[in-house]
file protein_16.tsv (TSV, C-alpha atoms and all ligand atoms)
chain	number	residue	atom	x	y	z
A	1	MET	CA	61.44	140.46	-48.91
A	2	SER	CA	64.35	140.33	-46.54
A	3	THR	CA	66.33	137.30	-45.51
A	4	ILE	CA	65.72	136.00	-42.02
A	5	PRO	CA	69.16	134.74	-41.11
A	6	HIS	CA	69.40	131.81	-38.78
A	7	ALA	CA	72.00	133.25	-36.44
A	8	ASN	CA	71.99	130.68	-33.66
A	9	HIS	CA	73.48	127.83	-35.57
A	10	ALA	CA	76.46	129.17	-37.45
A	11	PRO	CA	77.89	126.20	-39.33
A	12	PRO	CA	81.17	124.71	-38.17
A	13	ARG	CA	84.10	125.74	-40.33
A	14	GLN	CA	84.72	123.24	-43.02
A	15	SER	CA	87.89	121.27	-43.22
A	16	VAL	CA	88.21	121.04	-46.96
A	17	PRO	CA	90.30	118.08	-48.03
A	18	PRO	CA	93.16	118.75	-50.41
A	19	HIS	CA	92.48	117.69	-53.96
A	20	PRO	CA	93.46	114.04	-54.07
A	21	GLN	CA	96.75	113.66	-55.80
A	22	TRP	CA	95.81	110.86	-58.13
A	23	PRO	CA	98.88	109.77	-60.08
A	24	LEU	CA	98.52	110.96	-63.66
A	25	LEU	CA	97.62	108.07	-65.95
A	26	THR	CA	98.91	107.59	-69.46
A	27	ALA	CA	96.31	107.05	-72.20
A	28	ALA	CA	97.16	103.32	-72.19
A	29	GLU	CA	96.71	103.08	-68.42
A	30	LYS	CA	93.36	104.86	-68.65
A	31	ASP	CA	92.20	102.45	-71.35
A	32	ASP	CA	93.29	99.55	-69.21
A	33	TYR	CA	91.30	100.83	-66.18
A	34	LYS	CA	88.26	101.49	-68.35
A	35	GLN	CA	88.38	98.00	-69.82
A	36	ARG	CA	88.55	96.41	-66.38
A	37	ILE	CA	85.72	98.62	-65.10
A	38	ARG	CA	83.50	97.71	-68.05
A	39	ALA	CA	84.06	94.00	-67.38
A	40	LEU	CA	83.38	94.38	-63.64
A	41	LEU	CA	80.18	96.35	-64.30
A	42	GLN	CA	78.92	93.57	-66.52
A	43	GLN	CA	79.91	90.76	-64.14
A	44	GLN	CA	78.11	92.45	-61.25
A	45	ASN	CA	75.02	93.75	-63.07
A	46	ALA	CA	76.10	97.22	-62.00
A	47	CYS	CA	75.73	100.63	-63.57
A	48	LEU	CA	77.42	103.99	-63.09
A	49	VAL	CA	75.44	107.04	-61.98
A	50	ALA	CA	77.74	110.06	-62.32
A	51	HIS	CA	77.34	113.76	-61.56
A	52	TYR	CA	78.30	116.51	-64.01
A	53	TYR	CA	81.04	117.71	-61.64
A	54	THR	CA	83.04	114.46	-61.77
A	55	ASP	CA	86.05	113.83	-63.96
A	56	GLY	CA	85.36	113.64	-67.73
A	57	ASP	CA	86.71	110.07	-67.94
A	58	LEU	CA	84.08	108.93	-65.44
A	59	GLN	CA	81.29	110.77	-67.26
A	60	GLU	CA	82.35	109.23	-70.56
A	61	LEU	CA	82.49	105.75	-69.06
A	62	ALA	CA	79.06	106.15	-67.44
A	63	GLU	CA	77.52	107.08	-70.78
A	64	ASP	CA	79.36	104.36	-72.73
A	65	THR	CA	78.24	101.62	-70.33
A	66	GLY	CA	74.52	102.47	-70.19
A	67	GLY	CA	74.66	104.45	-66.95
A	68	CYS	CA	73.82	108.11	-66.60
A	69	VAL	CA	75.49	111.50	-66.23
A	70	ALA	CA	73.12	113.98	-64.68
A	71	ASP	CA	72.21	116.45	-61.94
A	72	SER	CA	71.14	115.13	-58.56
A	73	LEU	CA	67.42	115.05	-59.41
A	74	GLU	CA	67.97	112.93	-62.50
A	75	MET	CA	70.55	110.76	-60.70
A	76	ALA	CA	67.85	109.93	-58.13
A	77	ARG	CA	65.29	109.15	-60.81
A	78	PHE	CA	67.69	107.07	-62.92
A	79	GLY	CA	68.48	104.68	-60.06
A	80	THR	CA	64.81	103.77	-59.65
A	81	ARG	CA	64.41	103.03	-63.37
A	82	SER	CA	67.59	101.03	-63.84
A	83	ALA	CA	67.48	97.23	-63.99
A	84	ALA	CA	70.97	97.03	-62.44
A	85	THR	CA	71.16	95.44	-59.00
A	86	THR	CA	74.21	97.53	-58.03
A	87	LEU	CA	74.37	101.30	-58.46
A	88	VAL	CA	77.83	102.84	-58.36
A	89	VAL	CA	77.36	106.51	-57.56
A	90	CYS	CA	80.22	108.75	-58.68
A	91	GLY	CA	79.61	111.99	-56.84
A	92	VAL	CA	79.34	112.89	-53.18
A	93	ARG	CA	77.92	111.05	-50.21
A	94	PHE	CA	74.41	112.53	-50.12
A	95	MET	CA	73.91	111.33	-53.71
A	96	GLY	CA	74.81	107.77	-52.73
A	97	GLU	CA	72.50	108.02	-49.71
A	98	THR	CA	69.61	109.28	-51.85
A	99	ALA	CA	70.13	106.38	-54.26
A	100	LYS	CA	70.02	103.93	-51.33
A	101	ILE	CA	66.94	105.58	-49.79
A	102	LEU	CA	65.07	105.21	-53.06
A	103	ASN	CA	66.43	101.75	-53.83
A	104	PRO	CA	66.83	99.90	-50.53
A	105	GLU	CA	66.91	96.52	-52.28
A	106	LYS	CA	69.92	97.50	-54.41
A	107	ARG	CA	73.56	97.58	-53.43
A	108	VAL	CA	74.87	101.15	-53.64
A	109	LEU	CA	78.62	101.68	-53.86
A	110	MET	CA	80.72	104.83	-54.12
A	111	PRO	CA	84.39	105.18	-55.09
A	112	ASP	CA	85.02	106.90	-51.74
A	113	LEU	CA	82.47	107.25	-48.93
A	114	ALA	CA	84.50	110.10	-47.45
A	115	ALA	CA	83.49	112.34	-50.39
A	116	THR	CA	81.15	114.67	-48.55
A	117	CYS	CA	79.79	118.18	-49.23
A	118	SER	CA	80.21	121.42	-47.31
A	119	LEU	CA	76.45	122.00	-47.33
A	120	ASP	CA	75.74	118.58	-45.85
A	121	GLU	CA	78.44	119.11	-43.21
A	122	SER	CA	77.15	122.55	-42.26
A	123	CYS	CA	73.81	121.10	-41.17
A	124	PRO	CA	74.19	118.58	-38.31
A	125	ALA	CA	70.94	116.67	-37.83
A	126	ALA	CA	70.54	117.30	-34.07
A	127	ASP	CA	70.98	121.08	-34.45
A	128	PHE	CA	68.65	121.11	-37.41
A	129	ARG	CA	65.92	119.21	-35.58
A	130	ALA	CA	66.16	121.65	-32.65
A	131	PHE	CA	65.86	124.59	-35.05
A	132	CYS	CA	62.81	123.10	-36.79
A	133	ASP	CA	61.13	122.41	-33.45
A	134	GLN	CA	61.08	126.17	-32.78
A	135	PHE	CA	58.79	126.74	-35.79
A	136	PRO	CA	56.23	123.94	-35.78
A	137	ASP	CA	53.92	125.76	-38.22
A	138	HIS	CA	56.65	125.99	-40.92
A	139	GLN	CA	57.04	123.55	-43.79
A	140	VAL	CA	60.58	122.16	-43.71
A	141	VAL	CA	62.22	122.29	-47.15
A	142	VAL	CA	65.73	120.90	-47.45
A	143	TYR	CA	68.10	120.84	-50.35
A	144	ALA	CA	69.21	117.41	-51.57
A	145	ASN	CA	72.71	118.25	-50.29
A	146	THR	CA	71.92	117.00	-46.79
A	147	SER	CA	72.33	113.81	-44.78
A	148	ALA	CA	69.65	111.10	-44.62
A	149	GLU	CA	68.96	112.17	-40.99
A	150	VAL	CA	68.23	115.76	-42.05
A	151	LYS	CA	66.00	114.57	-44.88
A	152	ALA	CA	64.14	112.45	-42.35
A	153	ARG	CA	63.10	115.66	-40.52
A	154	ALA	CA	61.92	117.40	-43.72
A	155	ASP	CA	58.53	117.80	-45.36
A	156	TRP	CA	60.13	118.37	-48.77
A	157	VAL	CA	63.48	117.54	-50.36
A	158	VAL	CA	64.35	119.68	-53.40
A	159	THR	CA	67.20	119.92	-55.88
A	160	SER	CA	68.28	123.16	-57.54
A	161	SER	CA	66.33	122.24	-60.69
A	162	ILE	CA	63.01	121.95	-58.87
A	163	ALA	CA	63.36	124.18	-55.79
A	164	LEU	CA	61.76	127.24	-57.36
A	165	PRO	CA	58.44	125.66	-58.47
A	166	ILE	CA	58.03	123.76	-55.20
A	167	VAL	CA	58.63	126.85	-53.05
A	168	LYS	CA	56.29	128.83	-55.32
A	169	ALA	CA	53.57	126.22	-54.82
A	170	LEU	CA	54.00	126.21	-51.03
A	171	HIS	CA	54.03	130.00	-50.92
A	172	SER	CA	50.79	130.15	-52.93
A	173	GLN	CA	49.22	128.02	-50.18
A	174	GLY	CA	50.34	130.59	-47.58
A	175	GLN	CA	52.97	128.28	-46.04
A	176	PRO	CA	55.94	129.81	-44.22
A	177	MET	CA	59.07	127.71	-44.68
A	178	ILE	CA	62.33	126.67	-43.12
A	179	TRP	CA	65.00	126.38	-45.80
A	180	ALA	CA	68.31	124.54	-45.37
A	181	PRO	CA	71.18	124.48	-45.77
A	182	ASP	CA	72.31	126.79	-48.63
A	183	LYS	CA	71.70	130.44	-47.73
A	184	HIS	CA	72.58	131.76	-51.21
A	185	LEU	CA	70.14	129.45	-53.01
A	186	GLY	CA	67.55	130.16	-50.30
A	187	HIS	CA	68.00	133.91	-50.72
A	188	TYR	CA	67.70	133.62	-54.51
A	189	ILE	CA	64.46	131.62	-54.23
A	190	GLN	CA	63.12	134.04	-51.66
A	191	THR	CA	63.71	137.02	-53.95
A	192	GLN	CA	62.09	135.18	-56.89
A	193	THR	CA	58.98	134.04	-55.01
A	194	GLY	CA	58.46	136.50	-52.12
A	195	ALA	CA	58.04	133.46	-49.86
A	196	THR	CA	58.53	133.67	-46.09
A	197	MET	CA	61.64	131.56	-45.51
A	198	ARG	CA	63.89	131.10	-42.50
A	199	LEU	CA	67.31	130.35	-43.95
A	200	TRP	CA	69.93	128.04	-42.47
A	201	ASP	CA	73.39	129.61	-42.60
A	202	GLY	CA	75.23	127.16	-44.89
A	203	ALA	CA	77.16	127.65	-48.13
A	204	CYS	CA	78.95	125.65	-50.80
A	205	VAL	CA	82.70	126.13	-50.49
A	206	VAL	CA	83.07	126.07	-54.28
A	207	HIS	CA	80.33	128.49	-55.35
A	208	GLU	CA	80.88	130.89	-52.46
A	209	GLU	CA	84.32	131.63	-53.88
A	210	PHE	CA	83.01	133.32	-57.02
A	211	LYS	CA	83.73	137.05	-56.77
A	212	GLY	CA	81.36	139.72	-58.06
A	213	PHE	CA	84.04	142.35	-58.72
A	214	ALA	CA	86.28	139.87	-60.56
A	215	LEU	CA	83.33	138.73	-62.67
A	216	GLU	CA	82.67	142.35	-63.69
A	217	ARG	CA	86.25	142.56	-64.96
A	218	VAL	CA	85.93	139.34	-67.00
A	219	ARG	CA	82.62	140.56	-68.45
A	220	ARG	CA	84.34	143.76	-69.59
A	221	LEU	CA	86.98	141.66	-71.35
A	222	HIS	CA	84.31	139.50	-73.04
A	223	PRO	CA	81.28	141.74	-73.63
A	224	GLU	CA	79.92	139.25	-76.18
A	225	ALA	CA	79.65	136.46	-73.60
A	226	ALA	CA	76.54	135.29	-71.78
A	227	VAL	CA	76.98	134.76	-68.04
A	228	LEU	CA	75.66	131.48	-66.60
A	229	VAL	CA	75.42	131.22	-62.81
A	230	HIS	CA	74.43	128.45	-60.43
A	231	PRO	CA	72.29	129.92	-57.64
A	232	GLU	CA	74.55	128.55	-54.88
A	233	SER	CA	76.74	131.55	-55.79
A	234	PRO	CA	76.71	134.82	-53.81
A	235	GLN	CA	74.09	137.44	-54.63
A	236	GLU	CA	76.54	139.86	-56.32
A	237	VAL	CA	77.41	137.08	-58.79
A	238	VAL	CA	73.80	135.96	-59.35
A	239	GLU	CA	72.85	139.59	-60.10
A	240	GLN	CA	75.22	139.63	-63.10
A	241	ALA	CA	73.78	136.48	-64.68
A	242	ASP	CA	72.02	136.17	-68.01
A	243	VAL	CA	70.85	132.73	-66.88
A	244	VAL	CA	70.56	131.46	-63.30
A	245	GLY	CA	69.89	127.76	-63.11
A	246	SER	CA	70.70	124.21	-62.06
A	247	THR	CA	73.50	122.30	-63.76
A	248	THR	CA	71.10	120.85	-66.33
A	249	GLN	CA	69.58	124.26	-67.02
A	250	LEU	CA	73.05	125.79	-67.53
A	251	ILE	CA	74.01	123.03	-69.97
A	252	GLN	CA	70.77	123.65	-71.88
A	253	ALA	CA	71.58	127.37	-72.00
A	254	VAL	CA	74.93	126.66	-73.70
A	255	THR	CA	73.22	124.59	-76.38
A	256	THR	CA	70.19	126.84	-76.97
A	257	LEU	CA	71.43	130.44	-76.60
A	258	PRO	CA	72.88	132.04	-79.74
A	259	HIS	CA	76.04	133.30	-77.95
A	260	SER	CA	79.36	131.79	-78.96
A	261	THR	CA	81.05	132.48	-75.61
A	262	PHE	CA	79.91	131.79	-72.05
A	263	ILE	CA	81.29	132.76	-68.66
A	264	VAL	CA	80.31	129.91	-66.34
A	265	ALA	CA	79.98	130.25	-62.57
A	266	THR	CA	79.76	126.68	-61.33
A	267	ASP	CA	82.12	123.74	-60.84
A	268	THR	CA	84.37	123.38	-63.90
A	269	GLY	CA	83.61	119.63	-64.04
A	270	ILE	CA	80.49	120.68	-65.97
A	271	PHE	CA	82.65	121.83	-68.90
A	272	TRP	CA	83.02	118.23	-70.10
A	273	LYS	CA	79.27	117.90	-70.76
A	274	MET	CA	78.93	121.47	-72.10
A	275	GLN	CA	81.77	120.91	-74.53
A	276	GLN	CA	80.31	117.54	-75.58
A	277	GLN	CA	76.92	119.16	-76.27
A	278	ALA	CA	78.27	122.31	-77.95
A	279	PRO	CA	81.88	121.77	-79.09
A	280	GLU	CA	81.87	124.99	-81.14
A	281	LYS	CA	81.23	127.22	-78.12
A	282	THR	CA	83.89	128.88	-75.97
A	283	LEU	CA	83.65	128.43	-72.20
A	284	ILE	CA	85.36	130.69	-69.66
A	285	ALA	CA	85.49	129.77	-65.98
A	286	ALA	CA	84.09	132.58	-63.82
A	287	PRO	CA	86.80	133.96	-61.54
A	288	THR	CA	87.19	132.85	-57.96
A	289	ALA	CA	90.41	134.80	-57.49
A	290	GLY	CA	90.59	137.65	-55.03
A	291	ILE	CA	93.04	140.53	-55.22
A	292	GLY	CA	96.60	139.21	-55.35
A	293	ALA	CA	95.56	135.60	-55.90
A	294	THR	CA	97.76	133.45	-58.09
A	295	CYS	CA	94.98	131.56	-59.84
A	296	GLU	CA	92.06	132.95	-61.87
A	297	SER	CA	89.60	130.21	-61.08
A	298	CYS	CA	89.83	127.09	-58.98
A	299	ALA	CA	86.16	126.21	-58.97
A	300	HIS	CA	86.34	122.47	-58.58
A	301	CYS	CA	84.81	120.61	-55.67
A	302	PRO	CA	87.51	118.82	-53.66
A	303	TRP	CA	85.08	116.04	-52.76
A	304	MET	CA	83.91	115.46	-56.33
A	305	ALA	CA	87.61	115.19	-57.20
A	306	MET	CA	87.88	112.17	-54.90
A	307	ASN	CA	86.19	110.08	-57.61
A	308	ALA	CA	88.71	108.56	-60.03
A	309	LEU	CA	89.19	105.59	-62.33
A	310	GLN	CA	91.53	104.03	-59.76
A	311	ASN	CA	89.14	103.92	-56.80
A	312	LEU	CA	86.16	103.16	-59.04
A	313	GLU	CA	87.92	100.04	-60.27
A	314	GLN	CA	88.89	99.17	-56.70
A	315	VAL	CA	85.38	99.47	-55.28
A	316	LEU	CA	83.97	97.28	-58.03
A	317	ARG	CA	86.62	94.67	-57.25
A	318	THR	CA	86.34	94.74	-53.46
A	319	GLY	CA	82.74	95.81	-52.83
A	320	ASP	CA	83.79	98.00	-49.92
A	321	GLN	CA	82.59	101.62	-49.73
A	322	GLU	CA	78.97	100.46	-49.63
A	323	ILE	CA	76.22	102.81	-48.42
A	324	HIS	CA	74.12	101.55	-45.50
A	325	ILE	CA	71.24	103.51	-43.96
A	326	ASP	CA	69.33	102.86	-40.76
A	327	PRO	CA	65.94	101.48	-41.91
A	328	VAL	CA	64.02	103.80	-39.53
A	329	ILE	CA	65.77	106.87	-40.99
A	330	ARG	CA	65.26	105.51	-44.50
A	331	ASP	CA	61.52	105.10	-44.00
A	332	GLN	CA	61.23	108.74	-42.89
A	333	ALA	CA	63.65	110.21	-45.44
A	334	VAL	CA	62.00	108.54	-48.41
A	335	ILE	CA	58.73	110.45	-47.84
A	336	PRO	CA	59.95	114.00	-48.70
A	337	ILE	CA	62.05	112.65	-51.59
A	338	GLN	CA	59.05	110.81	-53.07
A	339	ARG	CA	57.01	113.99	-52.60
A	340	MET	CA	59.52	115.87	-54.76
A	341	LEU	CA	59.53	113.15	-57.44
A	342	GLU	CA	55.73	113.10	-57.48
A	343	PHE	CA	55.65	116.90	-57.81
A	344	ALA	CA	58.07	116.66	-60.76
A	345	ARG	CA	55.94	113.95	-62.38
A	346	THR	CA	52.57	115.65	-61.98
A	347	GLN	CA	53.36	119.38	-62.05
A	348	LEU	CA	56.31	119.73	-64.39
A	349	SER	CA	55.82	117.12	-67.09
A	401	LIG	S1	80.24	121.65	-55.34
A	401	LIG	FE1	79.51	122.50	-53.37
A	401	LIG	S2	77.40	121.80	-53.20
A	401	LIG	FE2	78.38	120.52	-54.76
A	401	LIG	S3	79.13	118.72	-53.65
A	401	LIG	FE3	80.84	120.19	-53.71
A	401	LIG	S4	80.67	121.35	-51.79
A	401	LIG	FE4	78.69	120.31	-52.11
call {"tool": "encode", "arguments": {"input": "protein_16.tsv", "output": "structure tokens"}}
result
Amino acid sequence: MSTIPHANHAPPRQSVPPHPQWPLLTAAEKDDYKQRIRALLQQQNACLVAHYYTDGDLQELAEDTGGCVADSLEMARFGTRSAATTLVVCGVRFMGETAKILNPEKRVLMPDLAATCSLDESCPAADFRAFCDQFPDHQVVVYANTSAEVKARADWVVTSSIALPIVKALHSQGQPMIWAPDKHLGHYIQTQTGATMRLWDGACVVHEEFKGFALERVRRLHPEAAVLVHPESPQEVVEQADVVGSTTQLIQAVTTLPHSTFIVATDTGIFWKMQQQAPEKTLIAAPTAGIGATCESCAHCPWMAMNALQNLEQVLRTGDQEIHIDPVIRDQAVIPIQRMLEFARTQLS
């Protein structure tokens, strides 16, 4: 099955923000921030919902205060189950928007609303709607890493942990599909299912940097290691994987496989949770470096890095950085998200 590239809407080039230069905190300063954040969470009946790619201090705090650390599917589900009236989403913008779409009655805050995602940015809603209109008989399947407006045009929203079974189910019904925005994940799913998919031409700026030839070299140096790859990575990297999976599936692989060493091709923020779950295992970051590069791996999302103790404490104090969504868009976007959650509940449990 060959990829059908969507050539007419090449994504705009991304302007990747520099990693925020948060001043380094001493251990005492960190403790002080954490204490103030705990008190503010309690005062405001708020809880933290953090992604695996955020800083380890934020993940630890989320767990210690009754919040959650998870992938985007579980982050969405957690918000609907929580009794908190304020959700503070530590991650990127589409995660905060999804939380608000599913919980319109709750206040949803983020440490920094400018924390976006290259996949979301590569898929402007007006262009996407025009593309979909060309193929009215196709089911529209979009990755969670999209804006509320793009979700509002979709039949299905999927995360990387559930994309494969949903596409399989649609394919078994003979449905051709539009897939957006990640072309690498779309290509991987297409090769696994044989589905007819028209792929949007987007990519994650972090995962796209993993290099197949450099990974081969690291594998030669560590022949005992298992290779774990997130499917947003390029095909030549995915092809070298022992396990291809979502963040949660990669964490499970570290805890369940007998290997003592793993080469990991996804954002290095995930190492905090992997190390917590399996402290005896050795983790090696898959290389992003090209020939002549000065670093071996710099696989950390610049937008995830915009979440820090400092701006988390600030948003809890000030209440700014709140997510608002047009109610008309919300009412449309909630349908494909609920469809995914219902599929997970009835088909996968
Ligand atoms: S790691 Fe990639 S897909 Fe995830 S938020 Fe960052 S840019 Fe988006």
call {"tool": "residues_near_ligand", "arguments": {"input": "protein_16.tsv", "ligand": "ligand LIG 401 (chain A)", "cutoff": "8 Å", "atoms": "all atoms listed in the file", "output": "PDB file with C-alpha atoms, keeping the file's coordinate frame"}}
result
ATOM      1  CA  TYR A  53      81.040 117.710 -61.640  1.00  0.00           C
ATOM      2  CA  GLY A  91      79.610 111.990 -56.840  1.00  0.00           C
ATOM      3  CA  VAL A  92      79.340 112.890 -53.180  1.00  0.00           C
ATOM      4  CA  THR A 116      81.150 114.670 -48.550  1.00  0.00           C
ATOM      5  CA  CYS A 117      79.790 118.180 -49.230  1.00  0.00           C
ATOM      6  CA  SER A 118      80.210 121.420 -47.310  1.00  0.00           C
ATOM      7  CA  LEU A 119      76.450 122.000 -47.330  1.00  0.00           C
ATOM      8  CA  ASP A 120      75.740 118.580 -45.850  1.00  0.00           C
ATOM      9  CA  ASN A 145      72.710 118.250 -50.290  1.00  0.00           C
ATOM     10  CA  ALA A 203      77.160 127.650 -48.130  1.00  0.00           C
ATOM     11  CA  CYS A 204      78.950 125.650 -50.800  1.00  0.00           C
ATOM     12  CA  VAL A 205      82.700 126.130 -50.490  1.00  0.00           C
ATOM     13  CA  VAL A 206      83.070 126.070 -54.280  1.00  0.00           C
ATOM     14  CA  HIS A 207      80.330 128.490 -55.350  1.00  0.00           C
ATOM     15  CA  GLU A 232      74.550 128.550 -54.880  1.00  0.00           C
ATOM     16  CA  THR A 266      79.760 126.680 -61.330  1.00  0.00           C
ATOM     17  CA  ASP A 267      82.120 123.740 -60.840  1.00  0.00           C
ATOM     18  CA  HIS A 300      86.340 122.470 -58.580  1.00  0.00           C
ATOM     19  CA  CYS A 301      84.810 120.610 -55.670  1.00  0.00           C
ATOM     20  CA  PRO A 302      87.510 118.820 -53.660  1.00  0.00           C
ATOM     21  CA  TRP A 303      85.080 116.040 -52.760  1.00  0.00           C
ATOM     22  CA  MET A 304      83.910 115.460 -56.330  1.00  0.00           C
TER      23      MET A 304
END
call {"tool": "atom_distance", "arguments": {"input": "protein_16.tsv", "atom1": "CA of Trp179 in chain A", "atom2": "CA of Asp127 in chain A"}}
result
13.9 Å
call {"tool": "atom_distance", "arguments": {"input": "protein_16.tsv", "atom1": "CA of Glu239 in chain A", "atom2": "CA of Ala180 in chain A"}}
result
21.5 Å
call {"tool": "closest_residue", "arguments": {"input": "protein_16.tsv", "among": "A:Ser82, A:Thr282, A:Thr26, A:Thr193", "to": "Ile263 in chain A", "atoms": "all atoms listed in the file"}}
result
A:Thr282
call {"tool": "atom_distance", "arguments": {"input": "protein_16.tsv", "atom1": "CA of Arg77 in chain A", "atom2": "CA of Met110 in chain A"}}
result
17.4 Å
call {"tool": "closest_residue", "arguments": {"input": "protein_16.tsv", "among": "A:Lys100, A:His171, A:Lys106, A:Arg198", "to": "Ile337 in chain A", "atoms": "only C-alpha atoms"}}
result
A:Lys100
call {"tool": "closest_residue", "arguments": {"input": "protein_16.tsv", "among": "A:Leu185, A:Ile270, A:Thr256, A:Val88", "to": "Thr159 in chain A", "atoms": "all atoms listed in the file"}}
result
A:Leu185
